[in-house]
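> Sharing a structure, written as C-alpha cells. Questions coming.
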Amino acid sequence: MGRPPPLLVVHPFPLDSRFWEPMLERLGWPERILAPEFPGFGGEPFRPGWSIADVGERLEALVEERSPDGTAVVCGLSMGGYAALALAIRAPERVAGLILADTRAEADTAEARAVRGAAIELIRAEGAGPFLDGLLPNLMSPDVPASIASTVRSIADDQPEETIIAALEALAGRPSRLPALASIATPTRVIVGADDGVTPLDASEVMVGALANAELHVLPGVGHFSAIEAPEAFATVVRSLLEDLLG
C-alpha cells in the first residue's frame, strides 16, 4: 500500500481548527494533517474584507507548498465546506479526494443574508456573547453531551468579534457553486448529520446529485457539527475515502 496525500481539514464557523481534534484522534491515519485557520480564527492574523474565494486560493497555495505530490484530500465542514468547494473548482488538480460535510453549494438567500446582517448588528451592539447564545444550540443535536457543547462554546468564545463579523460578511457574499459541481470529478464523500437543521439532508442530496463521483453518508443522531458530535463515525467515512484512493 502506498502513501496517501496529506489530509487538509477546514473548520466551520465560528470555531477554529481545534474543532477537528476529536475526529483526528480517532482517524488513526499516520500521515500529514494540514489544519489551516480562516483569517482571524485560531490566532491566524486578521484580514478585513476576505472572501471564501480568497481562502480557496490560500488553500491551493498551502497544498502546493506542503504536499509532497502537490495534492491533498480536502475535508471541509460548513464554512470549511464552502472553502473546500472553492478550492476544488479553482484547482481540481490539487484535490485528490473531497469530503463535504454539513454544507451546501447554493449561495445565501436574501433572507439568509438579512439574518447575517442582523447578527452583525447584534455583535456590534452587544458583543459576540448574545449572538453565540442564540447560534450554537442550533448547530448541535438537542441531545449533545454537555462536555461537547462546552468545548464548542469555549472555542467560539476565543474568536474575536471582528473575526466573527468578517466571517459573517464572507458567508453572505459567497457565490453559488451549483453550476460548477458537475465539473468536479474528484472522488467525493458528502456527510450530513441527520439532525442538521442548518444545512439539512436535502442540501446534501442536491450536491450528490450534481457531483460526478459522490457518495452520501448520513450520520444519525447528530446535528450540524457532525465531526465533533460523532467523531468516530465521521472518521470512518474519511478513512474509507483514504483507503479507496490507495486502492
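Chain labels run A, B, ... following the order of the C-alpha cells; each chain numbers its residues from 1, and ligands are numbered from 1 in the order shown.
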Got a sec: who's within 7 Å of Ala214 of chain A, counting only C-alpha atoms, leaving out chain neighbours fewer than 4 positions off, as a PyMOL selection string?
chain A and resi 187-190+208
> List every residue of segment 36-153 of chain A that DSSP, applied to the backbone, labels as alpha helix (DSSP H), and write the result as a PyMOL selection string.
chain A and resi 52-66+79-90+110-126+128-135+146-153
> Kindly provide the residues of segment 97-196 of chain A that approach segment 43-52 of chain A to within 12 Å, each paired with its closest atom pair and their distance in Å to one decimal, based on only C-alpha atoms, listed by chain and increasing number, as a Markdown table.

```
| residue | atom | partner | partner_atom | distance |
| --- | --- | --- | --- | --- |
| A:Ala107 | CA | A:Ile52 | CA | 11.4 |
| A:Ile155 | CA | A:Gly43 | CA | 11.5 |
| A:Asp158 | CA | A:Gly43 | CA | 9.1 |
| A:Gln159 | CA | A:Gly43 | CA | 8.3 |
| A:Pro160 | CA | A:Phe46 | CA | 9.3 |
| A:Glu161 | CA | A:Phe46 | CA | 10.9 |
| A:Glu162 | CA | A:Phe46 | CA | 8.3 |
| A:Thr163 | CA | A:Phe46 | CA | 6.8 |
| A:Ile164 | CA | A:Phe46 | CA | 10.5 |
| A:Ile165 | CA | A:Pro48 | CA | 9.5 |
| A:Ala166 | CA | A:Pro48 | CA | 6.4 |
| A:Ala167 | CA | A:Trp50 | CA | 8.0 |
| A:Leu168 | CA | A:Ser51 | CA | 10.1 |
| A:Glu169 | CA | A:Gly49 | CA | 7.9 |
| A:Ala170 | CA | A:Ser51 | CA | 4.9 |
| A:Leu171 | CA | A:Ile52 | CA | 7.2 |
| A:Ala172 | CA | A:Ser51 | CA | 9.6 |
| A:Gly173 | CA | A:Ser51 | CA | 7.4 |
| A:Arg174 | CA | A:Ile52 | CA | 6.2 |
| A:Pro175 | CA | A:Ile52 | CA | 8.8 |
| A:Ser176 | CA | A:Ile52 | CA | 11.4 |
| A:Arg177 | CA | A:Ile52 | CA | 11.5 |
```
> Neighbours of Arg239 of chain A within 8 Å (only C-alpha atoms; same-chain residues fewer than 3 positions away dropped), as a list in words?
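My reading of the contact set: Leu27, Trp29, Ala235, Thr236, Leu242 and Glu243 of chain A.
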> Take the residues from that selection and put them in a file with N, CA and C atoms, as a short mmCIF file (atom, residue, chain, number, x, y, z; two decimals), in the first residue's frame.

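Okay, this is what ended up in again-v2.cif:
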```cif
data_model
loop_
_atom_site.label_atom_id
_atom_site.label_comp_id
_atom_site.auth_asym_id
_atom_site.auth_seq_id
_atom_site.Cartn_x
_atom_site.Cartn_y
_atom_site.Cartn_z
N LEU A 27 -9.11 8.96 13.84
CA LEU A 27 -8.83 8.58 12.46
C LEU A 27 -7.73 7.54 12.39
N TRP A 29 -4.76 7.68 11.22
CA TRP A 29 -4.10 7.64 9.91
C TRP A 29 -2.76 8.36 10.03
N ALA A 235 -14.86 9.82 11.25
CA ALA A 235 -13.53 9.30 10.89
C ALA A 235 -13.64 8.06 10.02
N THR A 236 -14.66 7.26 10.26
CA THR A 236 -14.84 6.05 9.44
C THR A 236 -15.06 6.40 7.98
N LEU A 242 -9.79 7.59 2.11
CA LEU A 242 -8.34 7.46 2.04
C LEU A 242 -7.95 6.06 1.57
N GLU A 243 -8.61 5.04 2.08
CA GLU A 243 -8.29 3.68 1.68
C GLU A 243 -8.65 3.43 0.20
#
```
> Figure out the distance between atom CA of Leu132 of chain A and atom CA of Ala156 of chain A, please, to one decimal in Å.
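We find that atom CA of Ala156 of chain A and atom CA of Leu132 of chain A lie 7.6 Å from each other.
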> Leaving out Pro68 of chain A and any residue of its chain fewer than 6 positions from it, which residues lie within 12 Å of it when counting only C-alpha atoms, given as a list in words?
Arg3, Pro4, Pro5, Pro6, Glu31, Arg32, Leu62 and Arg94 of chain A
> What lies within 7 Å of Asp195 of chain A using only C-alpha atoms, ignoring chain neighbours under 6 positions off, as a list of chain:residue names?
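Residues meeting the cut-off are A:Ser141, A:Gly221, A:Val222, A:Gly223.
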> Deliver the residues from the most recent selection as a file, using C-alpha atoms, as a short mmCIF file (atom, residue, chain, number, x, y, z; two decimals), in the first residue's frame.

```cif
data_model
loop_
_atom_site.label_atom_id
_atom_site.label_comp_id
_atom_site.auth_asym_id
_atom_site.auth_seq_id
_atom_site.Cartn_x
_atom_site.Cartn_y
_atom_site.Cartn_z
CA SER A 141 -28.26 17.98 18.32
CA GLY A 221 -28.49 11.45 15.93
CA VAL A 222 -26.17 14.39 15.31
CA GLY A 223 -26.56 17.95 14.13
#
```
